[in-house]
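Trainee: Structure file data38.txt, compact mmCIF, N, CA and C atoms and all ligand atoms, is pasted below:
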# COMPACT_ATOMS: atom_id res chain seq x y z
N MET A 38 -82.77 -72.13 25.32
CA MET A 38 -83.93 -71.72 24.51
C MET A 38 -83.68 -72.07 23.05
N LYS A 39 -84.72 -72.59 22.42
CA LYS A 39 -84.58 -72.99 21.01
C LYS A 39 -85.64 -72.32 20.15
N VAL A 40 -85.20 -71.80 19.02
CA VAL A 40 -86.11 -71.11 18.10
C VAL A 40 -86.19 -71.87 16.78
N LEU A 41 -87.41 -71.97 16.29
CA LEU A 41 -87.64 -72.57 14.97
C LEU A 41 -87.96 -71.44 14.00
N ILE A 42 -87.18 -71.38 12.93
CA ILE A 42 -87.40 -70.35 11.90
C ILE A 42 -87.96 -71.05 10.67
N ILE A 43 -89.16 -70.67 10.28
CA ILE A 43 -89.86 -71.34 9.18
C ILE A 43 -89.99 -70.40 7.99
N ASN A 44 -89.60 -70.88 6.83
CA ASN A 44 -89.75 -70.11 5.59
C ASN A 44 -90.63 -70.88 4.61
N GLY A 45 -91.57 -70.18 4.04
CA GLY A 45 -92.54 -70.80 3.14
C GLY A 45 -92.10 -70.84 1.69
N PRO A 46 -93.06 -71.06 0.79
CA PRO A 46 -92.78 -71.35 -0.61
C PRO A 46 -92.01 -70.25 -1.34
N ASN A 47 -91.11 -70.72 -2.20
CA ASN A 47 -90.32 -69.89 -3.11
C ASN A 47 -89.19 -69.11 -2.43
N LEU A 48 -89.14 -69.17 -1.11
CA LEU A 48 -88.02 -68.47 -0.45
C LEU A 48 -86.71 -69.21 -0.69
N ASN A 49 -86.79 -70.49 -1.06
CA ASN A 49 -85.58 -71.23 -1.45
C ASN A 49 -84.96 -70.65 -2.73
N LEU A 50 -85.73 -69.85 -3.46
CA LEU A 50 -85.22 -69.26 -4.71
C LEU A 50 -84.71 -67.83 -4.53
N LEU A 51 -84.48 -67.46 -3.29
CA LEU A 51 -83.92 -66.11 -3.06
C LEU A 51 -82.65 -65.92 -3.88
N GLY A 52 -82.48 -64.71 -4.36
CA GLY A 52 -81.32 -64.42 -5.21
C GLY A 52 -81.71 -64.45 -6.67
N LEU A 53 -82.46 -65.52 -7.02
CA LEU A 53 -82.95 -65.68 -8.39
C LEU A 53 -84.30 -64.98 -8.55
N ARG A 54 -85.08 -65.04 -7.48
CA ARG A 54 -86.46 -64.63 -7.50
C ARG A 54 -86.62 -63.11 -7.35
N GLU A 55 -87.21 -62.47 -8.35
CA GLU A 55 -87.53 -61.04 -8.27
C GLU A 55 -86.53 -60.25 -7.40
N PRO A 56 -85.28 -60.19 -7.84
CA PRO A 56 -84.25 -59.57 -6.98
C PRO A 56 -84.52 -58.11 -6.63
N THR A 57 -85.31 -57.42 -7.48
CA THR A 57 -85.59 -56.01 -7.13
C THR A 57 -86.50 -55.93 -5.90
N ILE A 58 -87.24 -57.00 -5.63
CA ILE A 58 -88.10 -57.02 -4.44
C ILE A 58 -87.42 -57.73 -3.27
N TYR A 59 -86.79 -58.88 -3.57
CA TYR A 59 -86.30 -59.74 -2.48
C TYR A 59 -84.79 -59.70 -2.29
N GLY A 60 -84.08 -58.96 -3.16
CA GLY A 60 -82.64 -58.83 -3.00
C GLY A 60 -81.88 -59.88 -3.79
N THR A 61 -80.57 -59.79 -3.75
CA THR A 61 -79.71 -60.64 -4.58
C THR A 61 -79.03 -61.75 -3.78
N LYS A 62 -79.21 -61.75 -2.47
CA LYS A 62 -78.57 -62.80 -1.67
C LYS A 62 -79.42 -64.07 -1.72
N ASN A 63 -78.76 -65.22 -1.69
CA ASN A 63 -79.50 -66.48 -1.85
C ASN A 63 -80.00 -67.05 -0.52
N TYR A 64 -80.69 -68.19 -0.62
CA TYR A 64 -81.31 -68.76 0.59
C TYR A 64 -80.26 -69.22 1.60
N ALA A 65 -79.14 -69.75 1.10
CA ALA A 65 -78.08 -70.18 2.02
C ALA A 65 -77.59 -68.99 2.85
N ALA A 66 -77.55 -67.82 2.24
CA ALA A 66 -77.12 -66.62 2.97
C ALA A 66 -78.15 -66.26 4.04
N LEU A 67 -79.43 -66.46 3.73
CA LEU A 67 -80.47 -66.18 4.75
C LEU A 67 -80.33 -67.15 5.92
N VAL A 68 -80.11 -68.42 5.61
CA VAL A 68 -79.95 -69.42 6.69
C VAL A 68 -78.77 -69.03 7.58
N ALA A 69 -77.65 -68.68 6.96
CA ALA A 69 -76.45 -68.29 7.73
C ALA A 69 -76.75 -67.05 8.58
N PHE A 70 -77.49 -66.10 7.99
CA PHE A 70 -77.85 -64.87 8.72
C PHE A 70 -78.69 -65.21 9.96
N CYS A 71 -79.68 -66.10 9.76
CA CYS A 71 -80.58 -66.47 10.87
C CYS A 71 -79.82 -67.21 11.96
N GLU A 72 -78.94 -68.12 11.55
CA GLU A 72 -78.18 -68.88 12.54
C GLU A 72 -77.29 -67.94 13.36
N ASN A 73 -76.74 -66.96 12.68
CA ASN A 73 -75.90 -65.99 13.35
C ASN A 73 -76.70 -65.13 14.34
N ALA A 74 -77.89 -64.71 13.91
CA ALA A 74 -78.76 -63.91 14.79
C ALA A 74 -79.13 -64.71 16.04
N CYS A 75 -79.42 -65.99 15.86
CA CYS A 75 -79.78 -66.84 17.01
C CYS A 75 -78.60 -67.01 17.95
N ARG A 76 -77.42 -67.20 17.36
CA ARG A 76 -76.20 -67.32 18.18
C ARG A 76 -76.00 -66.06 19.00
N GLU A 77 -76.17 -64.90 18.35
CA GLU A 77 -76.03 -63.59 19.02
C GLU A 77 -77.01 -63.47 20.19
N ALA A 78 -78.22 -64.01 20.00
CA ALA A 78 -79.25 -63.91 21.03
C ALA A 78 -79.09 -64.99 22.10
N GLY A 79 -78.17 -65.92 21.86
CA GLY A 79 -77.98 -67.01 22.83
C GLY A 79 -79.00 -68.13 22.67
N PHE A 80 -79.60 -68.25 21.49
CA PHE A 80 -80.60 -69.28 21.22
C PHE A 80 -80.00 -70.40 20.37
N GLY A 81 -80.46 -71.61 20.60
CA GLY A 81 -80.27 -72.67 19.62
C GLY A 81 -81.30 -72.45 18.53
N CYS A 82 -81.07 -72.96 17.33
CA CYS A 82 -82.09 -72.77 16.31
C CYS A 82 -82.07 -73.82 15.22
N GLU A 83 -83.22 -73.94 14.57
CA GLU A 83 -83.33 -74.72 13.33
C GLU A 83 -83.99 -73.81 12.31
N VAL A 84 -83.43 -73.79 11.11
CA VAL A 84 -84.03 -73.00 10.03
C VAL A 84 -84.60 -73.99 9.02
N PHE A 85 -85.89 -73.85 8.75
CA PHE A 85 -86.62 -74.83 7.96
C PHE A 85 -87.32 -74.13 6.80
N GLN A 86 -87.35 -74.80 5.64
CA GLN A 86 -88.07 -74.21 4.50
C GLN A 86 -88.87 -75.31 3.82
N SER A 87 -90.10 -74.97 3.43
CA SER A 87 -90.89 -75.89 2.61
C SER A 87 -91.78 -75.12 1.65
N ASN A 88 -92.02 -75.74 0.51
CA ASN A 88 -92.95 -75.17 -0.47
C ASN A 88 -94.35 -75.71 -0.29
N HIS A 89 -94.56 -76.52 0.78
CA HIS A 89 -95.83 -77.25 0.92
C HIS A 89 -96.55 -76.88 2.22
N GLU A 90 -97.79 -76.48 2.10
CA GLU A 90 -98.55 -76.01 3.25
C GLU A 90 -98.64 -77.07 4.35
N GLY A 91 -99.00 -78.31 3.97
CA GLY A 91 -99.17 -79.37 4.97
C GLY A 91 -97.87 -79.70 5.68
N VAL A 92 -96.77 -79.61 4.98
CA VAL A 92 -95.46 -79.88 5.59
C VAL A 92 -95.16 -78.79 6.64
N ILE A 93 -95.55 -77.57 6.34
CA ILE A 93 -95.34 -76.48 7.31
C ILE A 93 -96.24 -76.69 8.53
N VAL A 94 -97.48 -77.12 8.30
CA VAL A 94 -98.40 -77.43 9.41
C VAL A 94 -97.78 -78.54 10.28
N ASP A 95 -97.28 -79.61 9.64
CA ASP A 95 -96.66 -80.71 10.39
C ASP A 95 -95.47 -80.21 11.21
N LYS A 96 -94.69 -79.33 10.63
CA LYS A 96 -93.50 -78.82 11.32
C LYS A 96 -93.91 -78.00 12.55
N ILE A 97 -94.95 -77.18 12.41
CA ILE A 97 -95.43 -76.38 13.55
C ILE A 97 -95.95 -77.31 14.64
N GLN A 98 -96.70 -78.33 14.25
CA GLN A 98 -97.22 -79.28 15.26
C GLN A 98 -96.07 -79.98 15.99
N ALA A 99 -95.05 -80.37 15.24
CA ALA A 99 -93.92 -81.10 15.84
C ALA A 99 -93.07 -80.20 16.73
N ALA A 100 -93.26 -78.88 16.60
CA ALA A 100 -92.47 -77.94 17.42
C ALA A 100 -92.94 -77.92 18.87
N TYR A 101 -94.16 -78.42 19.09
CA TYR A 101 -94.72 -78.38 20.46
C TYR A 101 -93.83 -79.16 21.43
N GLY A 102 -93.43 -78.50 22.51
CA GLY A 102 -92.60 -79.16 23.51
C GLY A 102 -91.12 -79.23 23.14
N VAL A 103 -90.78 -78.76 21.94
CA VAL A 103 -89.40 -78.84 21.46
C VAL A 103 -88.79 -77.44 21.33
N PHE A 104 -89.59 -76.51 20.78
CA PHE A 104 -89.09 -75.14 20.55
C PHE A 104 -89.80 -74.16 21.48
N ASP A 105 -89.07 -73.12 21.87
CA ASP A 105 -89.63 -72.10 22.77
C ASP A 105 -90.23 -70.93 22.02
N GLY A 106 -89.83 -70.77 20.76
CA GLY A 106 -90.34 -69.66 19.96
C GLY A 106 -90.28 -70.00 18.49
N ILE A 107 -91.11 -69.31 17.72
CA ILE A 107 -91.14 -69.51 16.26
C ILE A 107 -91.02 -68.16 15.57
N VAL A 108 -90.16 -68.11 14.55
CA VAL A 108 -90.14 -66.98 13.61
C VAL A 108 -90.65 -67.55 12.30
N ILE A 109 -91.68 -66.93 11.73
CA ILE A 109 -92.25 -67.51 10.52
C ILE A 109 -92.44 -66.47 9.42
N ASN A 110 -91.91 -66.82 8.24
CA ASN A 110 -92.24 -66.10 7.02
C ASN A 110 -93.01 -67.10 6.15
N PRO A 111 -94.34 -67.08 6.24
CA PRO A 111 -95.11 -68.09 5.51
C PRO A 111 -95.18 -67.82 4.01
N ALA A 112 -94.53 -66.75 3.57
CA ALA A 112 -94.50 -66.37 2.15
C ALA A 112 -95.94 -66.28 1.62
N ALA A 113 -96.22 -66.86 0.46
CA ALA A 113 -97.56 -66.69 -0.13
C ALA A 113 -98.66 -67.26 0.77
N TYR A 114 -98.33 -68.28 1.59
CA TYR A 114 -99.35 -68.86 2.48
C TYR A 114 -99.81 -67.88 3.56
N THR A 115 -99.03 -66.83 3.78
CA THR A 115 -99.45 -65.77 4.70
C THR A 115 -100.88 -65.34 4.40
N HIS A 116 -101.12 -65.18 3.09
CA HIS A 116 -102.33 -64.51 2.64
C HIS A 116 -103.49 -65.47 2.37
N THR A 117 -103.25 -66.77 2.58
CA THR A 117 -104.28 -67.76 2.22
C THR A 117 -104.53 -68.82 3.29
N SER A 118 -103.55 -69.07 4.17
CA SER A 118 -103.60 -70.32 4.94
C SER A 118 -104.19 -70.19 6.34
N VAL A 119 -105.44 -70.62 6.44
CA VAL A 119 -106.05 -70.75 7.77
C VAL A 119 -105.42 -71.95 8.49
N ALA A 120 -104.96 -72.95 7.75
CA ALA A 120 -104.35 -74.14 8.36
C ALA A 120 -103.08 -73.78 9.13
N ILE A 121 -102.26 -72.89 8.56
CA ILE A 121 -101.04 -72.47 9.27
C ILE A 121 -101.41 -71.62 10.49
N LEU A 122 -102.39 -70.74 10.32
CA LEU A 122 -102.89 -69.97 11.48
C LEU A 122 -103.34 -70.90 12.59
N ASP A 123 -104.16 -71.90 12.25
CA ASP A 123 -104.70 -72.80 13.27
C ASP A 123 -103.60 -73.61 13.95
N ALA A 124 -102.59 -74.01 13.18
CA ALA A 124 -101.47 -74.78 13.76
C ALA A 124 -100.71 -73.92 14.76
N LEU A 125 -100.47 -72.66 14.39
CA LEU A 125 -99.76 -71.76 15.31
C LEU A 125 -100.58 -71.54 16.58
N LYS A 126 -101.90 -71.41 16.41
CA LYS A 126 -102.77 -71.24 17.59
C LYS A 126 -102.79 -72.51 18.43
N ALA A 127 -102.79 -73.66 17.78
CA ALA A 127 -102.89 -74.94 18.50
C ALA A 127 -101.69 -75.14 19.42
N VAL A 128 -100.49 -74.90 18.91
CA VAL A 128 -99.29 -75.15 19.74
C VAL A 128 -99.03 -74.00 20.71
N ALA A 129 -99.56 -72.82 20.38
CA ALA A 129 -99.45 -71.63 21.24
C ALA A 129 -98.01 -71.32 21.65
N ILE A 130 -97.07 -71.56 20.74
CA ILE A 130 -95.67 -71.17 20.97
C ILE A 130 -95.54 -69.70 20.54
N PRO A 131 -94.93 -68.84 21.36
CA PRO A 131 -94.80 -67.44 20.96
C PRO A 131 -94.18 -67.33 19.56
N ALA A 132 -94.85 -66.55 18.69
CA ALA A 132 -94.43 -66.51 17.29
C ALA A 132 -94.36 -65.08 16.78
N VAL A 133 -93.42 -64.87 15.86
CA VAL A 133 -93.23 -63.57 15.21
C VAL A 133 -93.30 -63.76 13.70
N GLU A 134 -94.02 -62.88 13.04
CA GLU A 134 -94.17 -62.91 11.57
C GLU A 134 -93.10 -62.02 10.94
N VAL A 135 -92.50 -62.53 9.86
CA VAL A 135 -91.49 -61.75 9.14
C VAL A 135 -91.79 -61.78 7.65
N HIS A 136 -91.57 -60.64 6.98
CA HIS A 136 -91.57 -60.58 5.51
C HIS A 136 -90.39 -59.75 5.07
N LEU A 137 -89.71 -60.24 4.05
CA LEU A 137 -88.57 -59.49 3.51
C LEU A 137 -89.04 -58.16 2.93
N SER A 138 -90.13 -58.23 2.19
CA SER A 138 -90.64 -57.03 1.51
C SER A 138 -91.68 -56.33 2.39
N ASP A 139 -92.01 -55.12 2.00
CA ASP A 139 -93.04 -54.35 2.72
C ASP A 139 -94.41 -54.74 2.14
N VAL A 140 -94.98 -55.82 2.67
CA VAL A 140 -96.21 -56.37 2.10
C VAL A 140 -97.35 -55.36 2.07
N ASP A 141 -97.36 -54.46 3.03
CA ASP A 141 -98.47 -53.48 3.09
C ASP A 141 -98.37 -52.43 1.99
N ALA A 142 -97.21 -52.32 1.36
CA ALA A 142 -97.05 -51.35 0.27
C ALA A 142 -97.19 -52.02 -1.09
N ARG A 143 -97.56 -53.32 -1.10
CA ARG A 143 -97.67 -54.06 -2.36
C ARG A 143 -99.14 -54.29 -2.71
N GLU A 144 -99.43 -55.31 -3.51
CA GLU A 144 -100.81 -55.56 -3.96
C GLU A 144 -101.74 -55.76 -2.76
N PRO A 145 -103.01 -55.36 -2.92
CA PRO A 145 -103.94 -55.46 -1.79
C PRO A 145 -104.05 -56.88 -1.19
N PHE A 146 -103.92 -57.93 -2.04
CA PHE A 146 -104.06 -59.28 -1.46
C PHE A 146 -102.94 -59.61 -0.49
N ARG A 147 -101.82 -58.86 -0.56
CA ARG A 147 -100.72 -59.11 0.37
C ARG A 147 -100.92 -58.36 1.70
N HIS A 148 -101.98 -57.58 1.78
CA HIS A 148 -102.23 -56.83 3.02
C HIS A 148 -102.89 -57.71 4.07
N VAL A 149 -103.44 -58.84 3.61
CA VAL A 149 -104.12 -59.77 4.54
C VAL A 149 -103.10 -60.77 5.05
N SER A 150 -103.06 -60.97 6.37
CA SER A 150 -102.19 -62.02 6.94
C SER A 150 -102.98 -62.87 7.92
N TYR A 151 -103.16 -64.13 7.55
CA TYR A 151 -103.81 -65.07 8.47
C TYR A 151 -102.83 -65.47 9.58
N ALA A 152 -101.65 -65.90 9.20
CA ALA A 152 -100.66 -66.34 10.19
C ALA A 152 -100.38 -65.24 11.21
N GLY A 153 -100.40 -64.01 10.74
CA GLY A 153 -100.11 -62.89 11.62
C GLY A 153 -101.07 -62.79 12.80
N LEU A 154 -102.26 -63.37 12.65
CA LEU A 154 -103.23 -63.33 13.75
C LEU A 154 -102.77 -64.16 14.95
N ALA A 155 -101.81 -65.05 14.71
CA ALA A 155 -101.30 -65.89 15.81
C ALA A 155 -99.90 -65.43 16.25
N CYS A 156 -99.46 -64.28 15.73
CA CYS A 156 -98.11 -63.79 16.06
C CYS A 156 -98.22 -62.54 16.94
N PHE A 157 -97.28 -62.36 17.88
CA PHE A 157 -97.42 -61.22 18.79
C PHE A 157 -96.82 -59.95 18.21
N THR A 158 -95.99 -60.09 17.15
CA THR A 158 -95.53 -58.90 16.44
C THR A 158 -95.04 -59.31 15.05
N ARG A 159 -94.71 -58.30 14.23
CA ARG A 159 -94.24 -58.59 12.86
C ARG A 159 -93.20 -57.59 12.42
N PHE A 160 -92.31 -58.03 11.52
CA PHE A 160 -91.31 -57.16 10.92
C PHE A 160 -91.40 -57.32 9.42
N THR A 161 -91.63 -56.24 8.72
CA THR A 161 -91.80 -56.30 7.26
C THR A 161 -90.93 -55.25 6.60
N GLY A 162 -90.44 -55.58 5.40
CA GLY A 162 -89.74 -54.59 4.59
C GLY A 162 -88.32 -54.30 5.03
N LEU A 163 -87.78 -55.14 5.91
CA LEU A 163 -86.42 -54.91 6.41
C LEU A 163 -85.41 -55.87 5.81
N GLY A 164 -85.85 -56.69 4.85
CA GLY A 164 -84.94 -57.70 4.29
C GLY A 164 -84.53 -58.70 5.37
N PHE A 165 -83.30 -59.21 5.26
CA PHE A 165 -82.81 -60.20 6.24
C PHE A 165 -82.89 -59.66 7.67
N GLU A 166 -82.64 -58.38 7.83
CA GLU A 166 -82.61 -57.77 9.17
C GLU A 166 -83.91 -58.04 9.95
N GLY A 167 -85.02 -58.19 9.25
CA GLY A 167 -86.30 -58.48 9.91
C GLY A 167 -86.23 -59.76 10.74
N TYR A 168 -85.46 -60.74 10.25
CA TYR A 168 -85.33 -62.00 11.00
C TYR A 168 -84.56 -61.78 12.30
N ARG A 169 -83.54 -60.93 12.23
CA ARG A 169 -82.75 -60.65 13.44
C ARG A 169 -83.62 -59.93 14.48
N GLN A 170 -84.39 -58.97 13.97
CA GLN A 170 -85.28 -58.24 14.88
C GLN A 170 -86.31 -59.18 15.50
N ALA A 171 -86.77 -60.13 14.70
CA ALA A 171 -87.77 -61.09 15.19
C ALA A 171 -87.17 -61.98 16.28
N VAL A 172 -85.94 -62.43 16.07
CA VAL A 172 -85.27 -63.27 17.07
C VAL A 172 -85.12 -62.48 18.38
N PHE A 173 -84.75 -61.20 18.28
CA PHE A 173 -84.57 -60.41 19.50
C PHE A 173 -85.91 -60.04 20.15
N ALA A 174 -86.95 -59.91 19.36
CA ALA A 174 -88.29 -59.69 19.93
C ALA A 174 -88.71 -60.93 20.72
N LEU A 175 -88.38 -62.11 20.19
CA LEU A 175 -88.69 -63.35 20.91
C LEU A 175 -87.91 -63.43 22.22
N LYS A 176 -86.65 -63.03 22.13
CA LYS A 176 -85.79 -63.07 23.34
C LYS A 176 -86.41 -62.21 24.44
N GLU A 177 -86.84 -61.02 24.04
CA GLU A 177 -87.45 -60.10 25.02
C GLU A 177 -88.72 -60.74 25.61
N ARG A 178 -89.55 -61.32 24.73
CA ARG A 178 -90.80 -61.92 25.17
C ARG A 178 -90.55 -63.12 26.10
N LEU A 179 -89.58 -63.95 25.73
CA LEU A 179 -89.31 -65.17 26.52
C LEU A 179 -88.66 -64.81 27.86
N ASN A 180 -87.82 -63.77 27.85
CA ASN A 180 -87.20 -63.35 29.10
C ASN A 180 -88.22 -62.74 30.06
N ALA A 181 -89.24 -62.09 29.46
CA ALA A 181 -90.28 -61.46 30.27
C ALA A 181 -91.17 -62.50 30.92
N GLY A 182 -91.14 -63.68 30.36
CA GLY A 182 -91.90 -64.58 31.07
C GLY A 182 -92.63 -65.71 30.75
C1 LIG A 201 -93.01 -62.51 1.38
C2 LIG A 201 -94.18 -61.65 0.88
C3 LIG A 201 -95.28 -62.53 0.33
O1 LIG A 201 -96.37 -61.73 -0.13
C4 LIG A 201 -94.76 -63.34 -0.84
O2 LIG A 201 -95.78 -64.21 -1.33
C5 LIG A 201 -93.53 -64.07 -0.53
C6 LIG A 201 -92.50 -63.44 0.30
C7 LIG A 201 -91.82 -61.64 1.85
O3 LIG A 201 -90.95 -62.18 2.53
O4 LIG A 201 -91.76 -60.45 1.52
O5 LIG A 201 -93.30 -65.18 -1.02
O6 LIG A 201 -93.44 -63.26 2.48
Step by step, read the file and then write its structure as structure tokens.
Ligand code: DQA
Mentor:
Amino acid sequence: MKVLIINGPNLNLLGLREPTIYGTKNYAALVAFCENACREAGFGCEVFQSNHEGVIVDKIQAAYGVFDGIVINPAAYTHTSVAILDALKAVAIPAVEVHLSDVDAREPFRHVSYAGLACFTRFTGLGFEGYRQAVFALKERLNAG
């Protein structure tokens, strides 16, 4: 089983970016955390990051027939991108939404999630741990069938 973990814009600046909200660990630490979670779950994985909406759409399209599950933190595109929602629906690969911060406790515009409409569950406000929970939620879903 192979999982694709997608991170959207500005997540490459973890550590530098608003550390009181996103923490002090950098993006390389997140990648290592995700790879470790996938290893623990017995999954192969690729961790991908882009600041560009169309590149994320292309990546989701290319996942068809290659990956069994997707974990996605679309970052700011969560709240704006119908294109990412449509791509997730098009490939119909089981997907989980993740946010480091508790988006529902922040500004009202962060309460809307387009991508989340194509995801079977979400983990928010757990920091890196949300990615691990997402990987294990996928494992449960894929094992079920
Ligand atoms: C985020 C929350 C989004 O609202 C924000 O635009 C991000 C990161 C999170 O992981 O908490 O870039 O997705």
Trainee: Taking all atoms listed in the file into account, list the residues no farther than 6 Å from ligand LIG 201 (chain A), as a PyMOL selection string.
Mentor: chain A and resi 46-48+110-114+135-140+147
Trainee: Distance atom CA of A:Leu50-atom CA of A:Glu166, one decimal place?
Mentor: 18.2 Å
Trainee: Among stretch 127-175 of chain A, which residues carry a DSSP assignment of strand (DSSP E), reported as a PyMOL selection string?
Mentor: chain A and resi 132-136+158-161
Trainee: Between A:Glu144, A:Glu72, A:Glu90, A:Asp105, single out the one closest to A:Arg169, counting only C-alpha atoms.
Mentor: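 Using only C-alpha atoms, the shortest distance to A:Arg169 belongs to A:Glu72.
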Trainee: Which of these residues is nearest to A:Leu179, using all atoms listed in the file: A:Gly45, A:Gly167, A:Pro131, A:Gly153?
Mentor: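 Of the candidates, the smallest distance to A:Leu179 is held by A:Pro131.
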Trainee: So, with only N, CA and C atoms as the atoms that count, which of A:Asn63, A:Thr115, A:Ala129, A:Asn88 lies closest to A:His148?
Mentor: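 Once distances to A:His148 are computed over only N, CA and C atoms, the minimum belongs to A:Thr115.
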Trainee: How far is it from atom N of A:Gln86 to atom N of A:Tyr101, in Å with one decimal?
Mentor: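 Computing the Euclidean distance for atom N of A:Gln86 and atom N of A:Tyr101 yields 15.5 Å.
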Trainee: Between atom CA of A:Gly81 and atom CA of A:Met38, what is the spacing in Å?
Mentor: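 We find that atom CA of A:Met38 and atom CA of A:Gly81 lie 6.2 Å from each other.
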Trainee: So that I can see what lies close to A:Phe173, please list as a PyMOL selection string the residues with an atom at most 10 Å from it, counting only C-alpha atoms and leaving out residues fewer than 4 positions away in the same chain.
Mentor: chain A and resi 74-75+77-80+167-169+177-179
Trainee: Per DSSP on the backbone, what are the alpha helix (DSSP H) residues of chain A, as an NGL selection string?
Mentor: :A and (56-59 or 64-78 or 90-99 or 119-128 or 166-181)
Trainee: If we count only N, CA and C atoms, what is near A:Tyr59 at a cut-off of 8 Å, once residues fewer than 4 positions away on the same chain are taken out, given as a CSV table (one decimal) with N, CA and C atoms, keeping the file's coordinate frame?
Mentor:
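Below is the file that was written, around_21.csv:
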chain,number,residue,atom,x,y,z
A,51,LEU,N,-84.5,-67.5,-3.3
A,51,LEU,CA,-83.9,-66.1,-3.1
A,51,LEU,C,-82.6,-65.9,-3.9
A,52,GLY,N,-82.5,-64.7,-4.4
A,52,GLY,CA,-81.3,-64.4,-5.2
A,52,GLY,C,-81.7,-64.4,-6.7
A,53,LEU,N,-82.5,-65.5,-7.0
A,53,LEU,CA,-83.0,-65.7,-8.4
A,53,LEU,C,-84.3,-65.0,-8.6
A,54,ARG,N,-85.1,-65.0,-7.5
A,54,ARG,CA,-86.5,-64.6,-7.5
A,54,ARG,C,-86.6,-63.1,-7.4
A,55,GLU,N,-87.2,-62.5,-8.4
A,55,GLU,CA,-87.5,-61.0,-8.3
A,55,GLU,C,-86.5,-60.2,-7.4
A,137,LEU,N,-89.7,-60.2,4.0
A,137,LEU,CA,-88.6,-59.5,3.5
A,137,LEU,C,-89.0,-58.2,2.9
A,138,SER,N,-90.1,-58.2,2.2
A,138,SER,CA,-90.6,-57.0,1.5
A,138,SER,C,-91.7,-56.3,2.4
A,164,GLY,N,-85.8,-56.7,4.8
A,164,GLY,CA,-84.9,-57.7,4.3
A,164,GLY,C,-84.5,-58.7,5.4
A,165,PHE,N,-83.3,-59.2,5.3
A,165,PHE,CA,-82.8,-60.2,6.2
A,165,PHE,C,-82.9,-59.7,7.7
Trainee: Taking all atoms listed in the file into account, which of A:Phe146, A:Phe104, A:Tyr64, A:Phe70 comes nearest A:His116?
Mentor: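 Under the stated criterion, the closest residue is A:Phe146.
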Trainee: Can you pull out every residue within 7 Å of A:Glu134, counting only C-alpha atoms, but drop anything in the same chain fewer than 3 positions away, and send it as a compact mmCIF listing (two decimals) with N, CA and C atoms, in the frame of the given file?
Mentor:
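For reference, out14.txt as written:
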# COMPACT_ATOMS: atom_id res chain seq x y z
N VAL A 108 -90.16 -68.11 14.55
CA VAL A 108 -90.14 -66.98 13.61
C VAL A 108 -90.65 -67.55 12.30
N ILE A 109 -91.68 -66.93 11.73
CA ILE A 109 -92.25 -67.51 10.52
C ILE A 109 -92.44 -66.47 9.42
N ASN A 110 -91.91 -66.82 8.24
CA ASN A 110 -92.24 -66.10 7.02
C ASN A 110 -93.01 -67.10 6.15
N GLY A 153 -100.40 -64.01 10.74
CA GLY A 153 -100.11 -62.89 11.62
C GLY A 153 -101.07 -62.79 12.80
N CYS A 156 -99.46 -64.28 15.73
CA CYS A 156 -98.11 -63.79 16.06
C CYS A 156 -98.22 -62.54 16.94
N THR A 158 -95.99 -60.09 17.15
CA THR A 158 -95.53 -58.90 16.44
C THR A 158 -95.04 -59.31 15.05
N ARG A 159 -94.71 -58.30 14.23
CA ARG A 159 -94.24 -58.59 12.86
C ARG A 159 -93.20 -57.59 12.42
N PHE A 160 -92.31 -58.03 11.52
CA PHE A 160 -91.31 -57.16 10.92
C PHE A 160 -91.40 -57.32 9.42
Trainee: Find the residues around A:Gln98 up to 8 Å (only N, CA and C atoms counted), leave out those fewer than 6 positions away in its own chain, and share them as a JSON list (two decimals) with N, CA and C atoms, keeping the file's coordinate frame.
Mentor:
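Result went into out.json, see below:
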[["chain", "number", "residue", "atom", "x", "y", "z"],
["A", 92, "VAL", "N", -96.77, -79.61, 4.98],
["A", 92, "VAL", "CA", -95.46, -79.88, 5.59],
["A", 92, "VAL", "C", -95.16, -78.79, 6.64],
["A", 124, "ALA", "N", -102.59, -74.01, 13.18],
["A", 124, "ALA", "CA", -101.47, -74.78, 13.76],
["A", 124, "ALA", "C", -100.71, -73.92, 14.76],
["A", 125, "LEU", "N", -100.47, -72.66, 14.39],
["A", 125, "LEU", "CA", -99.76, -71.76, 15.31],
["A", 125, "LEU", "C", -100.58, -71.54, 16.58],
["A", 127, "ALA", "N", -102.79, -73.66, 17.78],
["A", 127, "ALA", "CA", -102.89, -74.94, 18.50],
["A", 127, "ALA", "C", -101.69, -75.14, 19.42],
["A", 128, "VAL", "N", -100.49, -74.90, 18.91],
["A", 128, "VAL", "CA", -99.29, -75.15, 19.74],
["A", 128, "VAL", "C", -99.03, -74.00, 20.71]]
Trainee: Between A:Ala171, A:Ser118, A:Val133, A:Val40, which is the closest to A:Ser150 once you count only C-alpha atoms?
Mentor: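 Checking each of A:Ala171, A:Ser118, A:Val133, A:Val40 against A:Ser150, counting only C-alpha atoms, the winner is A:Ser118.
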